[in-house]
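One file, protein.tsv, is given below (TSV, C-alpha atoms and all ligand atoms).
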```
chain	number	residue	atom	x	y	z
R	1	MET	CA	-9.20	23.04	14.00
R	2	LEU	CA	-5.58	22.32	14.95
R	3	THR	CA	-4.84	22.01	18.65
R	4	ASP	CA	-2.23	24.22	20.33
R	5	ASN	CA	-0.06	21.11	20.69
R	6	THR	CA	-0.29	20.35	16.96
R	7	ILE	CA	0.54	23.95	16.04
R	8	GLU	CA	3.52	23.90	18.40
R	9	ASN	CA	4.80	20.62	16.95
R	10	ILE	CA	4.48	21.93	13.40
R	11	LYS	CA	6.39	25.08	14.37
R	12	LYS	CA	9.17	22.90	15.80
R	13	ALA	CA	9.21	20.83	12.61
R	14	LEU	CA	9.56	23.98	10.50
R	15	THR	CA	12.95	24.66	12.10
R	16	LYS	CA	14.34	21.47	10.54
R	17	TYR	CA	13.73	22.45	6.91
R	18	PRO	CA	15.34	24.99	4.57
R	19	ASN	CA	11.93	26.49	3.77
R	20	LYS	CA	8.39	26.13	5.08
R	21	GLN	CA	7.00	24.19	2.11
R	22	SER	CA	9.64	21.47	2.56
R	23	ALA	CA	7.95	20.65	5.87
R	24	ALA	CA	4.63	19.81	4.21
R	25	MET	CA	4.81	16.03	4.63
R	26	ASP	CA	6.09	16.29	8.19
R	27	ALA	CA	3.33	18.76	9.08
R	28	LEU	CA	0.66	16.46	7.61
R	29	ARG	CA	2.13	13.54	9.56
R	30	ILE	CA	1.94	15.55	12.78
R	31	VAL	CA	-1.69	16.49	12.17
R	32	GLN	CA	-2.65	12.92	11.34
R	33	GLU	CA	-0.82	11.44	14.34
R	34	GLU	CA	-2.66	13.78	16.66
R	35	ALA	CA	-6.09	13.92	15.00
R	36	GLY	CA	-6.24	10.56	13.22
R	37	TYR	CA	-7.03	12.08	9.84
R	38	LEU	CA	-6.81	15.29	7.82
R	39	THR	CA	-9.86	17.54	7.67
R	40	GLU	CA	-10.30	20.32	5.12
R	41	ASP	CA	-10.02	22.87	7.94
R	42	ALA	CA	-6.76	21.32	9.13
R	43	LEU	CA	-5.36	21.37	5.59
R	44	LEU	CA	-6.25	25.05	5.23
R	45	GLN	CA	-4.59	25.90	8.53
R	46	VAL	CA	-1.46	23.93	7.68
R	47	ALA	CA	-1.29	25.53	4.22
R	48	ASP	CA	-1.45	28.92	5.92
R	49	MET	CA	1.34	27.99	8.34
R	50	LEU	CA	3.51	26.81	5.42
R	51	ASP	CA	2.73	29.82	3.20
R	52	MET	CA	1.54	27.30	0.64
R	53	PRO	CA	-1.48	27.53	-1.69
R	54	PRO	CA	-4.12	25.15	-0.23
R	55	PRO	CA	-4.54	23.22	-3.54
R	56	GLU	CA	-0.81	22.42	-3.53
R	57	LEU	CA	-0.92	21.04	0.00
R	58	ASN	CA	-4.08	19.13	-0.90
R	59	GLU	CA	-2.20	17.55	-3.81
R	60	VAL	CA	0.45	16.28	-1.40
R	61	ALA	CA	-2.22	14.97	0.98
R	62	THR	CA	-4.07	13.28	-1.88
R	63	PHE	CA	-1.07	11.83	-3.73
R	64	TYR	CA	0.26	9.82	-0.78
R	65	THR	CA	-2.02	7.02	0.41
R	66	MET	CA	-0.61	7.24	3.93
R	67	TYR	CA	-2.71	10.32	4.64
R	68	ASN	CA	-6.28	9.68	5.76
R	69	LYS	CA	-8.95	12.14	4.58
R	70	LYS	CA	-11.63	10.63	6.78
R	71	PRO	CA	-11.69	8.84	10.13
R	72	VAL	CA	-10.31	5.32	10.14
R	73	GLY	CA	-10.92	2.40	12.47
R	74	LYS	CA	-8.76	1.37	15.40
R	75	HIS	CA	-6.91	-0.99	13.05
R	76	HIS	CA	-6.27	0.54	9.65
R	77	ILE	CA	-5.51	-2.34	7.29
R	78	GLN	CA	-3.66	-1.15	4.21
R	79	VAL	CA	-3.08	-3.81	1.58
R	80	CYS	CA	-0.43	-3.05	-1.01
R	81	THR	CA	-1.77	-3.78	-4.48
R	82	ASN	CA	1.20	-2.54	-6.46
R	83	VAL	CA	3.02	-4.72	-9.00
R	84	SER	CA	4.95	-7.23	-6.83
R	85	CYS	CA	2.10	-7.70	-4.39
R	86	SER	CA	-0.44	-7.87	-7.19
R	87	LEU	CA	1.53	-10.61	-8.97
R	88	LEU	CA	1.53	-12.60	-5.75
R	89	GLY	CA	-2.17	-12.31	-4.99
R	90	SER	CA	-2.95	-9.01	-3.27
R	91	GLU	CA	-6.34	-8.79	-5.00
R	92	HIS	CA	-7.27	-12.08	-3.34
R	93	ILE	CA	-6.10	-10.67	-0.01
R	94	VAL	CA	-8.31	-7.60	-0.38
R	95	GLU	CA	-11.28	-9.84	-1.27
R	96	PHE	CA	-10.50	-12.20	1.61
R	97	LEU	CA	-10.35	-9.33	4.12
R	98	SER	CA	-13.41	-7.72	2.62
R	99	ARG	CA	-15.43	-10.95	3.10
R	100	ARG	CA	-13.94	-11.62	6.53
R	101	LEU	CA	-14.64	-8.11	7.85
R	102	GLY	CA	-17.89	-7.50	5.95
R	103	ILE	CA	-16.69	-4.23	4.42
R	104	LYS	CA	-15.50	-3.06	1.02
R	105	LYS	CA	-12.21	-1.29	0.47
R	106	GLY	CA	-12.39	2.26	1.76
R	107	GLU	CA	-14.94	1.32	4.39
R	108	THR	CA	-14.84	0.99	8.18
R	109	THR	CA	-16.64	-1.66	10.20
R	110	LEU	CA	-19.66	-0.45	12.17
R	111	ASP	CA	-17.84	-1.03	15.47
R	112	LYS	CA	-15.04	1.26	14.16
R	113	LYS	CA	-12.53	-1.50	14.73
R	114	PHE	CA	-11.27	-2.02	11.16
R	115	THR	CA	-10.78	0.09	8.03
R	116	LEU	CA	-9.72	-1.64	4.83
R	117	SER	CA	-7.67	0.28	2.25
R	118	GLU	CA	-5.69	-0.47	-0.88
R	119	VAL	CA	-2.37	1.37	-1.03
R	120	GLU	CA	0.56	1.82	-3.33
R	121	CYS	CA	3.95	0.15	-2.84
R	122	LEU	CA	5.05	0.13	0.80
R	123	GLY	CA	8.66	-0.66	-0.07
R	124	SER	CA	8.53	-4.28	1.03
R	125	CYS	CA	8.24	-5.88	-2.41
R	126	GLY	CA	10.62	-8.72	-1.51
R	127	THR	CA	8.14	-10.02	1.06
R	128	ALA	CA	5.02	-9.66	-1.11
R	129	PRO	CA	2.15	-9.95	-0.69
R	130	MET	CA	2.07	-7.67	2.29
R	131	MET	CA	-0.05	-5.23	4.23
R	132	GLN	CA	0.41	-2.60	6.88
R	133	ILE	CA	-1.83	-2.36	9.93
R	134	ASN	CA	-1.33	0.96	11.66
R	135	ASP	CA	2.48	1.16	11.94
R	136	ASP	CA	3.27	-2.56	11.56
R	137	TYR	CA	4.08	-4.56	8.43
R	138	TYR	CA	2.74	-8.08	7.85
R	139	GLU	CA	4.48	-9.93	5.06
R	140	ASN	CA	4.37	-13.10	2.94
R	141	LEU	CA	0.64	-13.21	3.60
R	142	THR	CA	-1.57	-16.26	3.26
R	143	ASP	CA	-5.22	-16.69	4.27
R	144	GLY	CA	-4.09	-18.60	7.36
R	145	LYS	CA	-1.62	-15.88	8.36
R	146	ILE	CA	-4.28	-13.22	7.96
R	147	GLU	CA	-6.67	-15.18	10.20
R	148	GLU	CA	-3.98	-15.36	12.87
R	149	ILE	CA	-3.22	-11.66	12.53
R	150	LEU	CA	-6.89	-10.73	12.86
R	151	LYS	CA	-7.27	-12.96	15.94
R	152	GLY	CA	-4.37	-11.11	17.55
R	153	LEU	CA	-5.96	-7.69	17.10
R	154	LYS	CA	-8.07	-6.55	20.04
X	1	LIG	S1	4.65	-3.84	-4.50
X	1	LIG	FE1	3.85	-4.29	-2.53
X	1	LIG	S2	5.42	-3.61	-1.20
X	1	LIG	FE2	6.13	-3.05	-3.16
```
Mind turning the file's structure into structure tokens?
Ligand code: FES
Amino acid sequence: MLTDNTIENIKKALTKYPNKQSAAMDALRIVQEEAGYLTEDALLQVADMLDMPPPELNEVATFYTMYNKKPVGKHHIQVCTNVSCSLLGSEHIVEFLSRRLGIKKGETTLDKKFTLSEVECLGSCGTAPMMQINDDYYENLTDGKIEEILKGLK
């Protein structure tokens, strides 16, 4: 169920676009920022607000890895495994984090502190391998750097 605040923010966003469907990604961002993830109910409500068939909005929400379909931990670790990052060892980074945190990709630690995800290119190929944790990028990763990053996360 969308909050009044979320509905109001989506309505404001709609004024910035030539038609309602063009606001789909912005509306999903607003919902996720306020609720943490996208529920089926939220997607149905947003689709209704955008006059959009729910399967079409679901396609948008599913295509982009930045949208969460289930709750994530306090620190959402998203490791890019696209071409540049893959060539420079992103699979090792996923395995390293998986061992270090005791979770597989797509899982959240029991204390809800960390979620580990694999994502598509984050547009920082020149500093591969890289990952995003919440809104911050961490680049040119090594095992040592990752240890330091994890130590810095409360
Ligand atoms: S391939 Fe990883 S940021 Fe582009």
Which is closest to ligand LIG 1 (chain X) among R:Asn82, R:Gln45, R:Thr108, R:Ser90, if we use all atoms listed in the file?
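Using all atoms listed in the file, the shortest distance to ligand LIG 1 (chain X) belongs to R:Asn82.
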Write as a list in words the residues around ligand LIG 1 (chain X), taking 8 Å as the cut-off and counting all atoms listed in the file.
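Protein and nucleic-acid residues within 8 Å of ligand LIG 1 (chain X): Cys80, Thr81, Asn82, Val83, Ser84, Cys85, Ser86, Glu120, Cys121, Leu122, Gly123, Ser124, Cys125, Gly126, Thr127, Ala128, Pro129, Met130 and Met131 of chain R.
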Given all atoms listed in the file as the basis, pick out the residue of R:Thr65, R:Thr142, R:Gln21, R:Thr115 nearest to Ile93 of chain R.
R:Thr142
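Between atom CA of Ala27 of chain R and atom CA of Ala13 of chain R there is a distance of 7.2 Å.
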Need to verify the contact set: Asn68 of chain R, 8 Å, only C-alpha atoms, exclusion of same-chain residues closer than 3 positions in sequence. Can you return it as a ChimeraX atom specification?
/R:32,36-38,65,71-72
Export of the given selection (C-alpha atoms) as an mmCIF file, in the frame of the given file:
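Result file again_37.cif:
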```cif
data_model
loop_
_atom_site.group_PDB
_atom_site.id
_atom_site.type_symbol
_atom_site.label_atom_id
_atom_site.label_comp_id
_atom_site.auth_asym_id
_atom_site.auth_seq_id
_atom_site.Cartn_x
_atom_site.Cartn_y
_atom_site.Cartn_z
ATOM 1 C CA GLN R 32 -2.650 12.920 11.340
ATOM 2 C CA GLY R 36 -6.240 10.560 13.220
ATOM 3 C CA TYR R 37 -7.030 12.080 9.840
ATOM 4 C CA LEU R 38 -6.810 15.290 7.820
ATOM 5 C CA THR R 65 -2.020 7.020 0.410
ATOM 6 C CA PRO R 71 -11.690 8.840 10.130
ATOM 7 C CA VAL R 72 -10.310 5.320 10.140
#
```
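When all atoms listed in the file are used to measure the gap to Glu107 of chain R, the shortest distance among R:Lys20, R:His76, R:Arg29, R:Lys145 belongs to R:His76.
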Between atom CA of Lys113 of chain R and atom CA of Gln132 of chain R, what is the distance in Å, rounded to a tenth?
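If I compute the distance from atom CA of Lys113 of chain R to atom CA of Gln132 of chain R, I get 15.2 Å.
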Which is closest to Leu28 of chain R among R:Asp4, R:Asp111, R:Glu59, R:Asp136, if we use all atoms listed in the file?
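Comparing R:Asp4, R:Asp111, R:Glu59, R:Asp136 against Leu28 of chain R, the winner is R:Glu59.
Neighbourhood of point (-1.3, 18.8, 14.1): residues with an atom at most 7 Å away, counting all atoms listed in the file, are Leu2, Thr3, Thr6, Ile7, Asn9, Ile10, Ala27, Ile30, Val31, Gln32, Glu34 and Ala35 of chain R.
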Shortest interatomic distance to Glu33 of chain R - which of R:Asn5, R:Gln78, R:Asn58, R:Asn19, counting all atoms listed in the file
R:Asn5
Exercise: Ile146 of chain R partners within 9 Å, all atoms listed in the file, chain neighbours under 6 positions left out, as JSON, numbers by chain:
{"R": [93, 96, 97, 138]}
Quick check, in Å to one decimal: how far apart do atom CA of Asp51 of chain R and atom CA of Lys69 of chain R lie?
21.2 Å
Would you mind completing segment 87-100 of chain R to N, CA and C atoms and writing the output as a PDB file, in the frame of the given file?
```
ATOM      1  N   LEU R  87       1.133  -9.352  -8.311  1.00  0.00           N
ATOM      2  CA  LEU R  87       1.530 -10.610  -8.970  1.00  0.00           C
ATOM      3  C   LEU R  87       1.441 -11.794  -8.024  1.00  0.00           C
ATOM      4  N   LEU R  88       1.555 -11.508  -6.725  1.00  0.00           N
ATOM      5  CA  LEU R  88       1.530 -12.600  -5.750  1.00  0.00           C
ATOM      6  C   LEU R  88       0.212 -12.665  -4.973  1.00  0.00           C
ATOM      7  N   GLY R  89      -0.833 -12.042  -5.533  1.00  0.00           N
ATOM      8  CA  GLY R  89      -2.170 -12.310  -4.990  1.00  0.00           C
ATOM      9  C   GLY R  89      -2.802 -11.257  -4.095  1.00  0.00           C
ATOM     10  N   SER R  90      -2.370 -10.013  -4.176  1.00  0.00           N
ATOM     11  CA  SER R  90      -2.950  -9.010  -3.270  1.00  0.00           C
ATOM     12  C   SER R  90      -4.444  -8.776  -3.518  1.00  0.00           C
ATOM     13  N   GLU R  91      -4.902  -8.967  -4.757  1.00  0.00           N
ATOM     14  CA  GLU R  91      -6.340  -8.790  -5.000  1.00  0.00           C
ATOM     15  C   GLU R  91      -7.139  -9.809  -4.204  1.00  0.00           C
ATOM     16  N   HIS R  92      -6.615 -11.041  -4.145  1.00  0.00           N
ATOM     17  CA  HIS R  92      -7.270 -12.080  -3.340  1.00  0.00           C
ATOM     18  C   HIS R  92      -7.279 -11.664  -1.874  1.00  0.00           C
ATOM     19  N   ILE R  93      -6.182 -11.073  -1.414  1.00  0.00           N
ATOM     20  CA  ILE R  93      -6.100 -10.670  -0.010  1.00  0.00           C
ATOM     21  C   ILE R  93      -7.138  -9.596   0.309  1.00  0.00           C
ATOM     22  N   VAL R  94      -7.288  -8.643  -0.593  1.00  0.00           N
ATOM     23  CA  VAL R  94      -8.310  -7.600  -0.380  1.00  0.00           C
ATOM     24  C   VAL R  94      -9.696  -8.240  -0.328  1.00  0.00           C
ATOM     25  N   GLU R  95      -9.963  -9.160  -1.266  1.00  0.00           N
ATOM     26  CA  GLU R  95     -11.280  -9.840  -1.270  1.00  0.00           C
ATOM     27  C   GLU R  95     -11.484 -10.669  -0.010  1.00  0.00           C
ATOM     28  N   PHE R  96     -10.430 -11.362   0.407  1.00  0.00           N
ATOM     29  CA  PHE R  96     -10.500 -12.200   1.610  1.00  0.00           C
ATOM     30  C   PHE R  96     -10.839 -11.328   2.827  1.00  0.00           C
ATOM     31  N   LEU R  97     -10.107 -10.227   2.979  1.00  0.00           N
ATOM     32  CA  LEU R  97     -10.350  -9.330   4.120  1.00  0.00           C
ATOM     33  C   LEU R  97     -11.726  -8.683   4.029  1.00  0.00           C
ATOM     34  N   SER R  98     -12.111  -8.343   2.822  1.00  0.00           N
ATOM     35  CA  SER R  98     -13.410  -7.720   2.620  1.00  0.00           C
ATOM     36  C   SER R  98     -14.526  -8.676   3.078  1.00  0.00           C
ATOM     37  N   ARG R  99     -14.437  -9.939   2.671  1.00  0.00           N
ATOM     38  CA  ARG R  99     -15.430 -10.950   3.100  1.00  0.00           C
ATOM     39  C   ARG R  99     -15.358 -11.166   4.596  1.00  0.00           C
ATOM     40  N   ARG R 100     -14.159 -11.307   5.106  1.00  0.00           N
ATOM     41  CA  ARG R 100     -13.940 -11.620   6.530  1.00  0.00           C
ATOM     42  C   ARG R 100     -14.448 -10.500   7.437  1.00  0.00           C
TER      43      ARG R 100
END
```
